[in-house]
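Novice: One file: structure-v4.csv (CSV, C-alpha atoms).
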```csv
chain,number,residue,atom,x,y,z
A,1,MET,CA,-107.1,45.3,28.3
A,2,ASN,CA,-107.3,48.6,30.1
A,3,GLN,CA,-104.6,50.5,32.0
A,4,GLU,CA,-105.5,49.2,35.4
A,5,GLN,CA,-105.3,45.6,34.3
A,6,PHE,CA,-102.0,46.2,32.6
A,7,ASP,CA,-100.6,47.9,35.8
A,8,LYS,CA,-101.8,44.9,37.9
A,9,ILE,CA,-100.1,42.4,35.6
A,10,GLU,CA,-97.0,44.5,35.5
A,11,GLN,CA,-96.8,44.6,39.3
A,12,GLU,CA,-97.2,40.8,39.5
A,13,ILE,CA,-94.5,40.1,36.9
A,14,THR,CA,-91.9,42.8,38.0
A,15,PRO,CA,-89.6,41.5,40.8
A,16,PRO,CA,-89.2,43.7,43.8
A,17,THR,CA,-86.2,46.0,43.8
A,18,PRO,CA,-83.7,45.0,46.5
A,19,TYR,CA,-83.1,48.6,47.8
A,20,VAL,CA,-81.3,47.7,51.0
A,21,LYS,CA,-79.0,45.3,49.1
A,22,ASN,CA,-78.2,47.9,46.4
A,23,VAL,CA,-77.5,50.6,49.0
A,24,LEU,CA,-75.2,48.3,51.0
A,25,LYS,CA,-73.3,47.3,47.9
A,26,ALA,CA,-72.9,51.0,46.8
A,27,PHE,CA,-71.8,52.0,50.3
A,28,LEU,CA,-69.2,49.2,50.5
A,29,VAL,CA,-67.7,49.7,47.1
A,30,GLY,CA,-67.7,53.5,47.4
A,31,GLY,CA,-66.1,53.2,50.8
A,32,LEU,CA,-63.5,50.8,49.3
A,33,ILE,CA,-62.7,53.3,46.6
A,34,CYS,CA,-62.3,56.1,49.2
A,35,THR,CA,-60.1,53.8,51.4
A,36,ILE,CA,-57.9,53.2,48.4
A,37,GLY,CA,-57.8,56.9,47.9
A,38,HIS,CA,-56.6,57.4,51.5
A,39,ALA,CA,-53.9,54.7,51.0
A,40,ILE,CA,-52.7,56.6,47.9
A,41,THR,CA,-52.7,59.8,49.9
A,42,TYR,CA,-50.6,58.3,52.7
A,43,PHE,CA,-48.3,56.8,50.0
A,44,TYR,CA,-47.7,60.2,48.5
A,45,ILE,CA,-47.2,61.8,52.0
A,46,ILE,CA,-44.7,59.2,53.1
A,47,PHE,CA,-42.7,58.6,50.0
A,48,PHE,CA,-42.9,61.9,48.1
A,49,ASP,CA,-43.0,64.5,50.9
A,50,PHE,CA,-46.4,65.9,50.1
A,51,THR,CA,-48.3,67.7,52.8
A,52,GLU,CA,-51.9,67.2,53.7
A,53,LYS,CA,-52.6,70.5,51.8
A,54,THR,CA,-50.8,69.5,48.6
A,55,VAL,CA,-51.6,65.8,48.3
A,56,GLY,CA,-55.2,66.1,47.1
A,57,ASN,CA,-54.4,66.8,43.4
A,58,PRO,CA,-52.0,63.9,42.8
A,59,THR,CA,-54.3,61.6,44.7
A,60,ALA,CA,-57.3,62.5,42.6
A,61,ALA,CA,-55.3,62.3,39.4
A,62,THR,CA,-54.1,58.8,40.4
A,63,ILE,CA,-57.6,57.6,41.2
A,64,ILE,CA,-58.8,58.9,37.9
A,65,PHE,CA,-55.9,57.3,36.1
A,66,ILE,CA,-56.6,53.9,37.8
A,67,SER,CA,-60.3,54.1,36.9
A,68,MET,CA,-59.4,54.9,33.3
A,69,LEU,CA,-57.1,51.8,33.2
A,70,LEU,CA,-59.8,49.7,34.7
A,71,THR,CA,-62.3,51.0,32.1
A,72,GLY,CA,-59.9,50.3,29.3
A,73,PHE,CA,-59.5,46.7,30.5
A,74,GLY,CA,-63.3,46.3,30.9
A,75,LEU,CA,-63.2,45.8,34.6
A,76,TYR,CA,-64.8,49.1,35.7
A,77,LYS,CA,-68.0,48.2,33.9
A,78,LYS,CA,-68.3,45.1,36.0
A,79,ILE,CA,-67.6,47.1,39.2
A,80,GLY,CA,-70.3,49.6,38.1
A,81,GLN,CA,-72.8,46.8,37.4
A,82,PHE,CA,-72.2,45.4,40.9
A,83,ALA,CA,-72.0,48.6,42.9
A,84,GLY,CA,-74.2,51.1,40.9
A,85,ALA,CA,-73.8,54.6,42.2
A,86,GLY,CA,-71.1,53.4,44.6
A,87,SER,CA,-68.6,53.4,41.7
A,88,ALA,CA,-70.0,56.4,39.9
A,89,VAL,CA,-70.1,59.0,42.7
A,90,PRO,CA,-66.4,59.1,43.7
A,91,VAL,CA,-63.9,60.9,41.4
A,92,SER,CA,-63.2,57.5,39.7
A,93,GLY,CA,-66.6,57.8,38.0
A,94,PHE,CA,-65.3,60.9,36.2
A,95,GLY,CA,-62.4,58.9,34.7
A,96,ASN,CA,-64.7,56.1,33.7
A,97,ALA,CA,-67.1,58.5,32.0
A,98,VAL,CA,-64.3,60.2,30.0
A,99,ILE,CA,-62.7,57.0,28.8
A,100,SER,CA,-65.9,55.0,28.1
A,101,ALA,CA,-67.0,57.8,25.7
A,102,ALA,CA,-63.6,57.7,24.0
A,103,ILE,CA,-63.7,53.9,23.6
A,104,GLU,CA,-67.3,54.0,22.3
A,105,HIS,CA,-66.4,56.4,19.5
A,106,ARG,CA,-62.9,55.1,18.6
A,107,THR,CA,-64.1,53.7,15.3
A,108,GLU,CA,-64.8,57.3,14.1
A,109,GLY,CA,-61.1,58.2,14.3
A,110,PHE,CA,-58.9,59.9,16.8
A,111,VAL,CA,-59.9,63.5,16.2
A,112,LEU,CA,-63.6,63.4,15.5
A,113,GLY,CA,-64.3,60.1,17.4
A,114,VAL,CA,-62.1,60.0,20.4
A,115,GLY,CA,-61.2,63.6,20.8
A,116,GLY,CA,-64.6,65.0,19.9
A,117,ASN,CA,-66.6,62.7,22.1
A,118,MET,CA,-64.2,62.2,25.0
A,119,PHE,CA,-65.1,65.6,26.5
A,120,LYS,CA,-68.9,65.6,26.0
A,121,LEU,CA,-69.4,64.8,29.7
A,122,ALA,CA,-66.1,65.9,30.9
A,123,GLY,CA,-66.5,69.3,29.3
A,124,SER,CA,-69.6,70.2,31.3
A,125,VAL,CA,-68.0,68.9,34.5
A,126,ILE,CA,-64.8,71.0,33.9
A,127,LEU,CA,-66.9,74.0,33.0
A,128,PHE,CA,-69.1,73.7,36.1
A,129,GLY,CA,-65.9,73.2,38.3
A,130,VAL,CA,-64.2,76.2,36.9
A,131,SER,CA,-67.3,78.4,37.1
A,132,SER,CA,-68.1,77.4,40.7
A,133,ALA,CA,-64.5,77.9,41.7
A,134,PHE,CA,-64.6,81.4,40.3
A,135,VAL,CA,-67.8,82.3,42.2
A,136,VAL,CA,-66.5,80.9,45.5
A,137,SER,CA,-63.2,82.7,45.0
A,138,LEU,CA,-65.1,85.9,44.3
A,139,ILE,CA,-67.2,85.5,47.4
A,140,LYS,CA,-64.1,84.8,49.5
A,141,LEU,CA,-62.4,87.9,48.1
A,142,ILE,CA,-65.4,90.1,48.9
A,143,LEU,CA,-65.5,88.7,52.5
A,144,VAL,CA,-61.8,89.2,53.0
A,145,THR,CA,-62.0,92.7,51.7
A,146,MET,CA,-64.9,93.5,54.0
A,147,GLY,CA,-62.9,92.1,56.9
A,148,VAL,CA,-65.5,89.4,57.7
A,149,ILE,CA,-62.9,86.6,57.4
A,150,GLU,CA,-59.1,86.5,57.2
A,151,TRP,CA,-57.1,85.1,54.3
```
What does this structure look like when you write it as structure tokens?
Specialist:
Amino acid sequence: MNQEQFDKIEQEITPPTPYVKNVLKAFLVGGLICTIGHAITYFYIIFFDFTEKTVGNPTAATIIFISMLLTGFGLYKKIGQFAGAGSAVPVSGFGNAVISAAIEHRTEGFVLGVGGNMFKLAGSVILFGVSSAFVVSLIKLILVTMGVIEW
């Protein structure tokens, strides 16, 4: 059997990918996660006197915490299998990535297993976030100093 025959058989056997269905599921679940985020935002604004400028951090932390709980109970994996990127792209995907790495390596102990592997993905995300925030702040400082923009 040559490569052309193999490719032809593979195309006949492989079912077509339902792109539209997958995109729709990702859009709906990602939208639902963002809607829940807005509900949490309004909850903090109404009940804890946060402003629109200060509510972002507690909202993101709450969404990450909820996704970590769902990962611990095994529910986030089911959401991810259903929605694909719709559950991984929002900030909740970050919490899932951190906790799933910790759960996977818990048999190796708390320090080397959980602690050492928990931040494999999170470490690069945090490093990129801090580095990009520094660069953006430096650019803004230069633009303010030159008088291009106001603080």
Novice: For a cut-off of 12 Å around (-69.0, 65.0, 31.4), file coordinates, pick out all residues using all atoms listed in the file and list them as a ChimeraX atom specification.
Specialist: /A:91,93-102,117-129
Novice: Please report the interatomic distance between CA of Ser131 (chain A) and CA of Thr145 (chain A) in Å with one decimal.
Specialist: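 That distance, rounded to one decimal, is 21.1 Å.
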Novice: Near region 28-42 of chain A, within 12 Å and counting all atoms listed in the file, which residues show up once chain neighbours fewer than 4 positions away are dropped, as a VMD selection string?
Specialist: chain A and resid 21 to 24 46 to 67 76 79 to 93
